[in-house]
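Scroll down for the structure; my scribbles are underneath it.
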Amino acid sequence: MMEMKVISKRFGKVNPMSIADFIKTDGYTALKKAVKMEKITVIEEVQTSKLRGRGGAGFPTHLKMMGLAKETNIPKYIICNADEGEPGNFKDRTLLENDPFQVIEGMTIVAYATGATLGFVYIRGEYQEAIRIMKNAIEEAKLNNFLGNKILGKNFNFDIQIRSGAGSYVCGEEFALIESIEGKPGRTRVKPPFPTSKGVFSQPTLINNVETFANIPVIINITGKEFAKVGTVSSTGTKLICLSGNTKIKGVFEIPFGVPIRDVINDFGGGVKNDRKIKMVQLGGSCGPIIPEYMLDMIIDYERFEEFESKTGAGAIIVMDDRFDLFDILLKTVHFFEHESCGKCVPCREGHVQLSIILKKFINKEATTKDLDSLESLARVMHQTSLCGLGQTSPTSIISSLRYFRDEFLDRIDHPVNL
Ligand SMILES: Cc1cc2nc3c(=O)[nH]c(=O)nc-3n(C[C@H](O)[C@H](O)[C@H](O)COP(=O)(O)O)c2cc1C
Ligand code: SF4
């Protein structure tokens, strides 16, 4: 299988610091086309494309655009979420470092269609190279009248500023991110109201992932109808996949939705190092499910991923071979979330501490059947009652492991310590 290079077509082929290179390779043709269209027609094209957000939740992009467009309270803002703190994900960094103008063009088209006048790109602090490249791209776009006042001679003003996170994973969550942009500690808010009605500085705000914005110029260039021909019924277009773990080759690969996970591992990853057996694969990142080898023929598709009771479409595939211990991975995952929890709500703040205590009992083979029940019910309570997506999705690895690797849990109960 070959990659389907649509939003990654310029990777390694153009100089990301050069707007001239971008323009030579179809850059800004979509914006030029969009500003001649009715604003509602631009949104309708996105609707026809059935584009869903690439940040993990898979929310239909046109609904956010329509929501922002109908708001009359000005100014309106858009945010490009480039926080990318999820372990196993590095596609947004790759996009920003290789094709920054494509993301800026996408943001500018969305701004035109919705009436936003200022955009923020929220980039995680560790991504210094991406910040440097984006800063240059914004300046170049301004110098060439693709940002600023009267863009392309139209009555359309839009500017972009960069904001940098300080390494907190939860700042990728939309309200924590908004609070961070406002200069406050990154903690979520109770919803509703949603950001499209009350976001940054209480103004209407649209938030999308880097990859989502990168798809907008493609849709305008080829039309929503053509875009929707690629992929599956529920998941159209292509997806950047971050392949890591024990594969021979690791990296970012662009595939059409609908490809089986196994094909990505074999065709792009070259299979597993030293030809060992795959024990398990984690999908989406640390907040995603852990599935066994026999499930790898499952296709990459939002609806299939949602069967794991979690939205895990950010695009990571982390391959673990037969040397890996499930409980070691689960404990490391829980520790990560315990560290990243903002502490605002009880299920997440206290839940990770308790999960960690119970998992250690399994590691030490001191667990009882009651511990198994407690682990299961605690993970579900956290999933259902945590205030934001961090606590709602962090137990997914445990919930899925209890489903697919239950024997391993039972084995640890069956063998007392001094046997
Ligand atoms: C704890 C947490 C971290 C998140 N981190 C990111 C992130 O780094 N990048 C991102 O695009 N979305 C992240 N999200 C999802 C965002 O809240 C939001 O749904 C997304 O940016 C919307 O963009 P989309 O519709 O284009 O997917 C995170 C969510 C949670 C709960
Ligand atoms: S779920 Fe966790 S990160 Fe989210 S608000 Fe509650 S304590 Fe904070």
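Here's how to read the names in the structure tokens: chain A, B, ... by the order shown, residue numbers from 1 in each chain, ligand numbers from 1 in the order shown.
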
Would you tabulate, counting only C-alpha atoms and all ligand atoms, all residues of chain A that have an atom at most 6 Å from an atom of ligand 1, showing the closest pair of atoms and their distance in Å to one decimal, sorted by chain then ascending number, as CSV?
residue,atom,partner,partner_atom_place_in_ligand_line,distance
A:Gly53,CA,ligand 1,27 (O),3.3
A:Arg54,CA,ligand 1,27 (O),4.2
A:Gly55,CA,ligand 1,27 (O),3.2
A:Gly56,CA,ligand 1,27 (O),5.3
A:Ala57,CA,ligand 1,27 (O),5.5
A:Gly58,CA,ligand 1,27 (O),5.6
A:Phe59,CA,ligand 1,25 (O),5.1
A:Asn81,CA,ligand 1,11 (O),4.6
A:Ala82,CA,ligand 1,9 (N),5.4
A:Asp83,CA,ligand 1,8 (O),4.0
A:Glu84,CA,ligand 1,8 (O),3.3
A:Gly85,CA,ligand 1,8 (O),5.0
A:Tyr169,CA,ligand 1,3 (C),5.9
A:Val170,CA,ligand 1,1 (C),4.2
A:Gly172,CA,ligand 1,5 (N),3.3
A:Glu173,CA,ligand 1,17 (O),3.5
A:Glu174,CA,ligand 1,17 (O),4.0
A:Ile207,CA,ligand 1,22 (C),5.4
A:Asn208,CA,ligand 1,23 (O),3.4
A:Asn209,CA,ligand 1,11 (O),3.7
A:Thr212,CA,ligand 1,26 (O),4.8
A:Cys388,CA,ligand 1,31 (C),5.7
A:Gly389,CA,ligand 1,31 (C),3.3
A:Leu390,CA,ligand 1,1 (C),4.0

Selected residues written out, N, CA and C atoms, as a compact mmCIF listing (two decimals), in the first residue's frame:
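The resulting again_31.txt:
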# COMPACT_ATOMS: atom_id res chain seq x y z
N GLY A 53 -13.38 16.72 12.90
CA GLY A 53 -12.19 17.25 13.57
C GLY A 53 -11.13 16.19 13.80
N ARG A 54 -9.87 16.57 13.52
CA ARG A 54 -8.76 15.62 13.61
C ARG A 54 -8.05 15.67 14.96
N GLY A 55 -8.63 16.39 15.94
CA GLY A 55 -7.98 16.51 17.25
C GLY A 55 -8.29 15.37 18.19
N GLY A 56 -9.22 14.49 17.81
CA GLY A 56 -9.51 13.35 18.65
C GLY A 56 -10.98 13.04 18.79
N ALA A 57 -11.82 14.07 18.87
CA ALA A 57 -13.23 13.83 19.13
C ALA A 57 -14.04 13.58 17.86
N GLY A 58 -13.52 13.99 16.72
CA GLY A 58 -14.20 13.73 15.45
C GLY A 58 -15.49 14.51 15.28
N PHE A 59 -15.54 15.71 15.84
CA PHE A 59 -16.77 16.54 15.75
C PHE A 59 -16.87 17.13 14.34
N ASN A 81 -5.46 24.51 17.54
CA ASN A 81 -4.96 23.76 18.69
C ASN A 81 -3.75 22.92 18.29
N ALA A 82 -2.56 23.43 18.65
CA ALA A 82 -1.31 22.71 18.34
C ALA A 82 -0.60 22.36 19.64
N ASP A 83 -1.40 21.99 20.66
CA ASP A 83 -0.80 21.68 21.95
C ASP A 83 -0.15 20.29 21.93
N GLU A 84 -0.80 19.39 21.27
CA GLU A 84 -0.28 18.03 21.01
C GLU A 84 0.55 17.43 22.16
N GLY A 85 -0.11 17.29 23.32
CA GLY A 85 0.59 16.73 24.48
C GLY A 85 0.38 15.24 24.64
N TYR A 169 -0.44 19.01 29.76
CA TYR A 169 -1.23 18.21 28.80
C TYR A 169 -2.68 18.70 28.73
N VAL A 170 -3.25 19.06 29.88
CA VAL A 170 -4.68 19.42 29.90
C VAL A 170 -4.94 20.71 29.13
N GLY A 172 -4.48 21.22 26.21
CA GLY A 172 -5.02 20.88 24.89
C GLY A 172 -6.53 20.80 24.91
N GLU A 173 -7.11 20.64 26.09
CA GLU A 173 -8.58 20.62 26.23
C GLU A 173 -9.08 22.03 25.99
N GLU A 174 -10.18 22.15 25.25
CA GLU A 174 -10.49 23.46 24.69
C GLU A 174 -10.68 24.59 25.71
N ILE A 207 -12.58 26.45 17.82
CA ILE A 207 -11.30 25.76 18.04
C ILE A 207 -11.23 24.52 17.16
N ASN A 208 -10.17 24.44 16.39
CA ASN A 208 -9.94 23.23 15.61
C ASN A 208 -8.48 22.80 15.71
N ASN A 209 -8.27 21.56 15.41
CA ASN A 209 -6.94 20.98 15.41
C ASN A 209 -6.16 21.43 14.16
N THR A 212 -7.11 19.54 11.05
CA THR A 212 -8.44 19.93 10.56
C THR A 212 -8.30 21.16 9.66
N CYS A 388 -13.81 16.93 32.65
CA CYS A 388 -13.35 17.18 31.27
C CYS A 388 -12.83 15.89 30.64
N GLY A 389 -12.46 16.01 29.39
CA GLY A 389 -12.04 14.84 28.62
C GLY A 389 -10.84 14.11 29.19
N LEU A 390 -10.02 14.78 30.01
CA LEU A 390 -8.85 14.09 30.55
C LEU A 390 -9.30 12.91 31.42

ask   = Which residues come within 10 Å of stretch 122-139 of chain A, counting only C-alpha atoms, excluding same-chain residues fewer than 2 positions away, as a ChimeraX atom specification?
value = /A:16-19,79-85,92-104,119-120,141-144,146-148,159-169,171-172,177-178,180-181,209-210

inquiry  = Write out as a PyMOL selection string the set of residues from stretch 204-313 of chain A that DSSP, computed on the backbone, places in alpha helix (DSSP H).
reply    = chain A and resi 210-222+224-227+261-263+302-306

Store the residues picked out above in a file with N, CA and C atoms, as a PDB file, in the first residue's frame.
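selection00.pdb was written with the following content:
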ATOM      1  N   VAL A 210      -4.840  21.352  14.243  1.00  0.00           N
ATOM      2  CA  VAL A 210      -3.951  21.737  13.125  1.00  0.00           C
ATOM      3  C   VAL A 210      -4.335  20.994  11.844  1.00  0.00           C
ATOM      4  N   GLU A 211      -4.495  19.676  11.964  1.00  0.00           N
ATOM      5  CA  GLU A 211      -4.786  18.845  10.785  1.00  0.00           C
ATOM      6  C   GLU A 211      -6.156  19.191  10.197  1.00  0.00           C
ATOM      7  N   THR A 212      -7.105  19.543  11.051  1.00  0.00           N
ATOM      8  CA  THR A 212      -8.436  19.931  10.563  1.00  0.00           C
ATOM      9  C   THR A 212      -8.304  21.162   9.657  1.00  0.00           C
ATOM     10  N   PHE A 213      -7.566  22.167  10.143  1.00  0.00           N
ATOM     11  CA  PHE A 213      -7.387  23.383   9.325  1.00  0.00           C
ATOM     12  C   PHE A 213      -6.654  23.061   8.020  1.00  0.00           C
ATOM     13  N   ALA A 214      -5.693  22.137   8.084  1.00  0.00           N
ATOM     14  CA  ALA A 214      -4.923  21.805   6.874  1.00  0.00           C
ATOM     15  C   ALA A 214      -5.809  21.201   5.784  1.00  0.00           C
ATOM     16  N   ASN A 215      -6.928  20.600   6.175  1.00  0.00           N
ATOM     17  CA  ASN A 215      -7.829  19.994   5.188  1.00  0.00           C
ATOM     18  C   ASN A 215      -8.735  21.014   4.484  1.00  0.00           C
ATOM     19  N   ILE A 216      -8.899  22.187   5.082  1.00  0.00           N
ATOM     20  CA  ILE A 216      -9.848  23.166   4.519  1.00  0.00           C
ATOM     21  C   ILE A 216      -9.462  23.620   3.097  1.00  0.00           C
ATOM     22  N   PRO A 217      -8.181  23.999   2.844  1.00  0.00           N
ATOM     23  CA  PRO A 217      -7.836  24.385   1.468  1.00  0.00           C
ATOM     24  C   PRO A 217      -8.078  23.259   0.458  1.00  0.00           C
ATOM     25  N   VAL A 218      -7.856  22.020   0.889  1.00  0.00           N
ATOM     26  CA  VAL A 218      -8.069  20.869  -0.012  1.00  0.00           C
ATOM     27  C   VAL A 218      -9.547  20.827  -0.418  1.00  0.00           C
ATOM     28  N   ILE A 219     -10.433  20.972   0.567  1.00  0.00           N
ATOM     29  CA  ILE A 219     -11.882  20.900   0.298  1.00  0.00           C
ATOM     30  C   ILE A 219     -12.305  22.005  -0.671  1.00  0.00           C
ATOM     31  N   ILE A 220     -11.808  23.217  -0.428  1.00  0.00           N
ATOM     32  CA  ILE A 220     -12.206  24.332  -1.309  1.00  0.00           C
ATOM     33  C   ILE A 220     -11.632  24.115  -2.707  1.00  0.00           C
ATOM     34  N   ASN A 221     -10.425  23.607  -2.800  1.00  0.00           N
ATOM     35  CA  ASN A 221      -9.810  23.389  -4.122  1.00  0.00           C
ATOM     36  C   ASN A 221     -10.517  22.302  -4.924  1.00  0.00           C
ATOM     37  N   ILE A 222     -10.792  21.164  -4.273  1.00  0.00           N
ATOM     38  CA  ILE A 222     -11.312  20.037  -5.069  1.00  0.00           C
ATOM     39  C   ILE A 222     -12.832  19.878  -4.946  1.00  0.00           C
ATOM     40  N   GLY A 224     -16.178  19.803  -1.840  1.00  0.00           N
ATOM     41  CA  GLY A 224     -16.552  18.901  -0.750  1.00  0.00           C
ATOM     42  C   GLY A 224     -16.965  17.537  -1.268  1.00  0.00           C
ATOM     43  N   LYS A 225     -17.621  17.523  -2.444  1.00  0.00           N
ATOM     44  CA  LYS A 225     -18.112  16.261  -3.017  1.00  0.00           C
ATOM     45  C   LYS A 225     -16.948  15.323  -3.353  1.00  0.00           C
ATOM     46  N   GLU A 226     -15.908  15.879  -3.967  1.00  0.00           N
ATOM     47  CA  GLU A 226     -14.731  15.061  -4.313  1.00  0.00           C
ATOM     48  C   GLU A 226     -14.022  14.584  -3.051  1.00  0.00           C
ATOM     49  N   PHE A 227     -13.927  15.485  -2.065  1.00  0.00           N
ATOM     50  CA  PHE A 227     -13.253  15.138  -0.804  1.00  0.00           C
ATOM     51  C   PHE A 227     -13.934  13.930  -0.168  1.00  0.00           C
ATOM     52  N   ILE A 261      -5.616  -1.436  10.459  1.00  0.00           N
ATOM     53  CA  ILE A 261      -4.451  -1.072  11.291  1.00  0.00           C
ATOM     54  C   ILE A 261      -3.247  -1.947  10.933  1.00  0.00           C
ATOM     55  N   ARG A 262      -3.513  -3.233  10.683  1.00  0.00           N
ATOM     56  CA  ARG A 262      -2.421  -4.171  10.373  1.00  0.00           C
ATOM     57  C   ARG A 262      -1.635  -3.722   9.133  1.00  0.00           C
ATOM     58  N   ASP A 263      -2.339  -3.198   8.125  1.00  0.00           N
ATOM     59  CA  ASP A 263      -1.653  -2.762   6.899  1.00  0.00           C
ATOM     60  C   ASP A 263      -0.718  -1.587   7.189  1.00  0.00           C
ATOM     61  N   TYR A 302     -13.759   6.609  12.440  1.00  0.00           N
ATOM     62  CA  TYR A 302     -14.247   7.171  13.714  1.00  0.00           C
ATOM     63  C   TYR A 302     -15.283   6.271  14.386  1.00  0.00           C
ATOM     64  N   GLU A 303     -16.216   5.736  13.575  1.00  0.00           N
ATOM     65  CA  GLU A 303     -17.278   4.926  14.190  1.00  0.00           C
ATOM     66  C   GLU A 303     -16.731   3.666  14.836  1.00  0.00           C
ATOM     67  N   ARG A 304     -15.759   3.037  14.170  1.00  0.00           N
ATOM     68  CA  ARG A 304     -15.165   1.827  14.761  1.00  0.00           C
ATOM     69  C   ARG A 304     -14.457   2.160  16.072  1.00  0.00           C
ATOM     70  N   PHE A 305     -13.721   3.277  16.070  1.00  0.00           N
ATOM     71  CA  PHE A 305     -12.993   3.667  17.281  1.00  0.00           C
ATOM     72  C   PHE A 305     -13.965   3.996  18.414  1.00  0.00           C
ATOM     73  N   GLU A 306     -15.114   4.560  18.065  1.00  0.00           N
ATOM     74  CA  GLU A 306     -16.083   4.933  19.106  1.00  0.00           C
ATOM     75  C   GLU A 306     -16.692   3.709  19.800  1.00  0.00           C
TER      76      GLU A 306
END

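Considering only C-alpha atoms, the residue among A:Lys91, A:His62, A:Leu51, A:Phe175 positioned nearest to A:Pro193 is A:Phe175.
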
task = Write out as a VMD selection string each polymer residue whose atoms come within 12 Å of A:Thr223, counting only C-alpha atoms; drop sequence neighbours fewer than 5 positions from it.
result = chain A and resid 30 33 to 34 41 to 51 215 to 218 228 to 229 237

Kindly provide, as a short mmCIF file (atom, residue, chain, number, x, y, z; two decimals) with N, CA and C atoms, in the first residue's frame, all nucleotide and amino acid residues lying within 7 Å of ligand 2, counting only C-alpha atoms and all ligand atoms.
data_model
loop_
_atom_site.label_atom_id
_atom_site.label_comp_id
_atom_site.auth_asym_id
_atom_site.auth_seq_id
_atom_site.Cartn_x
_atom_site.Cartn_y
_atom_site.Cartn_z
N VAL A 170 -3.25 19.06 29.88
CA VAL A 170 -4.68 19.42 29.90
C VAL A 170 -4.94 20.71 29.13
N ARG A 187 -7.29 25.34 33.26
CA ARG A 187 -8.31 24.45 33.84
C ARG A 187 -9.58 24.60 33.03
N THR A 188 -10.32 23.49 32.92
CA THR A 188 -11.53 23.52 32.09
C THR A 188 -12.64 24.34 32.74
N GLU A 340 -0.78 14.81 35.25
CA GLU A 340 -1.34 15.86 34.39
C GLU A 340 -2.72 16.35 34.86
N SER A 341 -3.36 15.63 35.77
CA SER A 341 -4.68 16.05 36.25
C SER A 341 -4.59 17.46 36.85
N CYS A 342 -5.56 18.32 36.50
CA CYS A 342 -5.49 19.69 37.03
C CYS A 342 -6.03 19.76 38.45
N GLY A 343 -6.69 18.70 38.93
CA GLY A 343 -7.15 18.65 40.31
C GLY A 343 -8.48 19.31 40.57
N LYS A 344 -9.15 19.78 39.51
CA LYS A 344 -10.39 20.53 39.72
C LYS A 344 -11.55 19.65 40.18
N CYS A 345 -11.61 18.40 39.68
CA CYS A 345 -12.75 17.56 40.06
C CYS A 345 -12.29 16.26 40.75
N VAL A 346 -13.13 15.76 41.64
CA VAL A 346 -12.75 14.62 42.50
C VAL A 346 -12.50 13.32 41.73
N PRO A 347 -13.39 12.93 40.79
CA PRO A 347 -13.19 11.62 40.15
C PRO A 347 -11.80 11.50 39.52
N CYS A 348 -11.32 12.56 38.92
CA CYS A 348 -10.01 12.50 38.25
C CYS A 348 -8.89 12.68 39.26
N ARG A 349 -9.03 13.67 40.14
CA ARG A 349 -7.95 13.97 41.10
C ARG A 349 -7.68 12.77 42.01
N SER A 386 -16.11 12.46 35.34
CA SER A 386 -15.06 13.49 35.35
C SER A 386 -15.53 14.72 34.58
N LEU A 387 -15.00 15.85 34.97
CA LEU A 387 -15.48 17.12 34.41
C LEU A 387 -15.03 17.35 32.97
N CYS A 388 -13.81 16.93 32.65
CA CYS A 388 -13.35 17.18 31.27
C CYS A 388 -12.83 15.89 30.64
N GLY A 389 -12.46 16.01 29.39
CA GLY A 389 -12.04 14.84 28.62
C GLY A 389 -10.84 14.11 29.19
N LEU A 390 -10.02 14.78 30.01
CA LEU A 390 -8.85 14.09 30.55
C LEU A 390 -9.30 12.91 31.42
N GLY A 391 -10.10 13.22 32.44
CA GLY A 391 -10.56 12.16 33.34
C GLY A 391 -11.57 11.22 32.68
N GLN A 392 -12.26 11.74 31.65
CA GLN A 392 -13.25 10.88 30.96
C GLN A 392 -12.56 9.83 30.10
#

Determine, for each residue of stretch 87-149 of chain A having at least one atom at most 9 Å from an atom of stretch 274-292 of chain A, the closest pair of atoms and their separation in Å to one decimal, counting only C-alpha atoms; order by chain and ascending number, as a tab-separated table.
residue	atom	partner	partner_atom	distance
A:Pro87	CA	A:Gly285	CA	5.5
A:Gly88	CA	A:Gly285	CA	5.2
A:Asn89	CA	A:Gly285	CA	6.6

Export, as a compact mmCIF listing (two decimals), in the first residue's frame, the selected residues with C-alpha atoms.
# COMPACT_ATOMS: atom_id res chain seq x y z
CA PRO A 87 2.01 10.66 24.10
CA GLY A 88 2.46 8.94 20.74
CA ASN A 89 1.24 11.92 18.70

ask   = Residues of stretch 88-268 of chain A in strand (DSSP E) according to DSSP, as a VMD selection string?
value = chain A and resid 118 to 124 159 to 165 205 to 209 238 to 245 251 to 256

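Atom to atom, atom CA of A:Ile265 and atom CA of A:Ser234 stand 22.7 Å apart.
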
Contacts of A:Asp325 at 10 Å (only C-alpha atoms; same-chain gap of 3+ positions) as a PyMOL selection string = chain A and resi 279-280+320-322+328-330+363+408

query = Can you tell me, as a ChimeraX atom specification, what residues are no more than 8 Å from A:Phe156 when counting only C-alpha atoms, ignoring any on the same chain fewer than 6 positions away?
reply = /A:112,149-150

request  = Might you pull out every residue within 7 Å of A:Ile299, with only C-alpha atoms counted and same-chain residues fewer than 5 positions away left off, and present them as a list in words?
outcome  = Gly258, Val259, Pro260 and Ile261 of chain A

request  = May I have the residues within 12 Å of A:Arg406 as a list in words, using only C-alpha atoms and disregarding those fewer than 2 positions away in the same chain?
outcome  = Ile291, Pro292, Leu326, Phe327, Leu372, Asp373, Glu376, Ile398, Ile399, Ser400, Ser401, Leu402, Arg403, Tyr404, Glu408, Phe409, Leu410, Asp411, Arg412 and Ile413 of chain A

Would you mind exporting N, CA and C atoms of the selected residues as a PDB file, in the first residue's frame?
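To be explicit, this is the file written out as selection-v5.pdb:
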ATOM      1  N   ILE A 291      -5.646  -2.742  22.415  1.00  0.00           N
ATOM      2  CA  ILE A 291      -6.316  -3.886  21.781  1.00  0.00           C
ATOM      3  C   ILE A 291      -5.303  -4.997  21.504  1.00  0.00           C
ATOM      4  N   PRO A 292      -5.779  -6.245  21.457  1.00  0.00           N
ATOM      5  CA  PRO A 292      -4.860  -7.354  21.184  1.00  0.00           C
ATOM      6  C   PRO A 292      -4.565  -7.510  19.692  1.00  0.00           C
ATOM      7  N   LEU A 326       1.544  -5.851  30.310  1.00  0.00           N
ATOM      8  CA  LEU A 326       0.338  -5.015  30.273  1.00  0.00           C
ATOM      9  C   LEU A 326       0.243  -4.111  31.502  1.00  0.00           C
ATOM     10  N   PHE A 327       0.529  -4.667  32.680  1.00  0.00           N
ATOM     11  CA  PHE A 327       0.328  -3.907  33.923  1.00  0.00           C
ATOM     12  C   PHE A 327       1.343  -2.776  34.063  1.00  0.00           C
ATOM     13  N   LEU A 372     -10.495  -6.439  41.558  1.00  0.00           N
ATOM     14  CA  LEU A 372     -10.879  -6.433  40.142  1.00  0.00           C
ATOM     15  C   LEU A 372     -12.182  -5.647  39.954  1.00  0.00           C
ATOM     16  N   ASP A 373     -13.153  -5.912  40.839  1.00  0.00           N
ATOM     17  CA  ASP A 373     -14.437  -5.191  40.773  1.00  0.00           C
ATOM     18  C   ASP A 373     -14.224  -3.694  41.002  1.00  0.00           C
ATOM     19  N   GLU A 376     -12.653  -1.993  37.987  1.00  0.00           N
ATOM     20  CA  GLU A 376     -13.618  -1.856  36.891  1.00  0.00           C
ATOM     21  C   GLU A 376     -14.614  -0.735  37.189  1.00  0.00           C
ATOM     22  N   ILE A 398      -7.548   1.030  30.723  1.00  0.00           N
ATOM     23  CA  ILE A 398      -7.928   0.005  31.711  1.00  0.00           C
ATOM     24  C   ILE A 398      -9.233  -0.676  31.293  1.00  0.00           C
ATOM     25  N   ILE A 399     -10.212   0.144  30.880  1.00  0.00           N
ATOM     26  CA  ILE A 399     -11.512  -0.436  30.488  1.00  0.00           C
ATOM     27  C   ILE A 399     -11.318  -1.430  29.325  1.00  0.00           C
ATOM     28  N   SER A 400     -10.507  -1.030  28.339  1.00  0.00           N
ATOM     29  CA  SER A 400     -10.308  -1.927  27.187  1.00  0.00           C
ATOM     30  C   SER A 400      -9.487  -3.160  27.585  1.00  0.00           C
ATOM     31  N   SER A 401      -8.514  -2.968  28.464  1.00  0.00           N
ATOM     32  CA  SER A 401      -7.709  -4.129  28.891  1.00  0.00           C
ATOM     33  C   SER A 401      -8.561  -5.130  29.659  1.00  0.00           C
ATOM     34  N   LEU A 402      -9.476  -4.618  30.479  1.00  0.00           N
ATOM     35  CA  LEU A 402     -10.356  -5.529  31.225  1.00  0.00           C
ATOM     36  C   LEU A 402     -11.247  -6.320  30.264  1.00  0.00           C
ATOM     37  N   ARG A 403     -11.498  -5.712  29.122  1.00  0.00           N
ATOM     38  CA  ARG A 403     -12.333  -6.400  28.125  1.00  0.00           C
ATOM     39  C   ARG A 403     -11.526  -7.427  27.327  1.00  0.00           C
ATOM     40  N   TYR A 404     -10.343  -7.040  26.872  1.00  0.00           N
ATOM     41  CA  TYR A 404      -9.607  -7.891  25.930  1.00  0.00           C
ATOM     42  C   TYR A 404      -8.503  -8.733  26.568  1.00  0.00           C
ATOM     43  N   GLU A 408      -5.439 -12.023  31.906  1.00  0.00           N
ATOM     44  CA  GLU A 408      -4.202 -11.587  32.592  1.00  0.00           C
ATOM     45  C   GLU A 408      -4.522 -11.052  33.988  1.00  0.00           C
ATOM     46  N   PHE A 409      -5.674 -10.392  34.118  1.00  0.00           N
ATOM     47  CA  PHE A 409      -6.085  -9.899  35.443  1.00  0.00           C
ATOM     48  C   PHE A 409      -6.408 -11.089  36.339  1.00  0.00           C
ATOM     49  N   LEU A 410      -7.155 -12.045  35.777  1.00  0.00           N
ATOM     50  CA  LEU A 410      -7.561 -13.215  36.571  1.00  0.00           C
ATOM     51  C   LEU A 410      -6.341 -14.037  36.982  1.00  0.00           C
ATOM     52  N   ASP A 411      -5.354 -14.140  36.086  1.00  0.00           N
ATOM     53  CA  ASP A 411      -4.122 -14.879  36.395  1.00  0.00           C
ATOM     54  C   ASP A 411      -3.438 -14.326  37.637  1.00  0.00           C
ATOM     55  N   ARG A 412      -3.458 -13.009  37.741  1.00  0.00           N
ATOM     56  CA  ARG A 412      -2.760 -12.366  38.870  1.00  0.00           C
ATOM     57  C   ARG A 412      -3.517 -12.566  40.182  1.00  0.00           C
ATOM     58  N   ILE A 413      -4.805 -12.840  40.079  1.00  0.00           N
ATOM     59  CA  ILE A 413      -5.580 -13.116  41.291  1.00  0.00           C
ATOM     60  C   ILE A 413      -5.381 -14.573  41.692  1.00  0.00           C
TER      61      ILE A 413
END

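Atom CA of A:Met37 sits 13.8 Å away from atom CA of A:Gly115.
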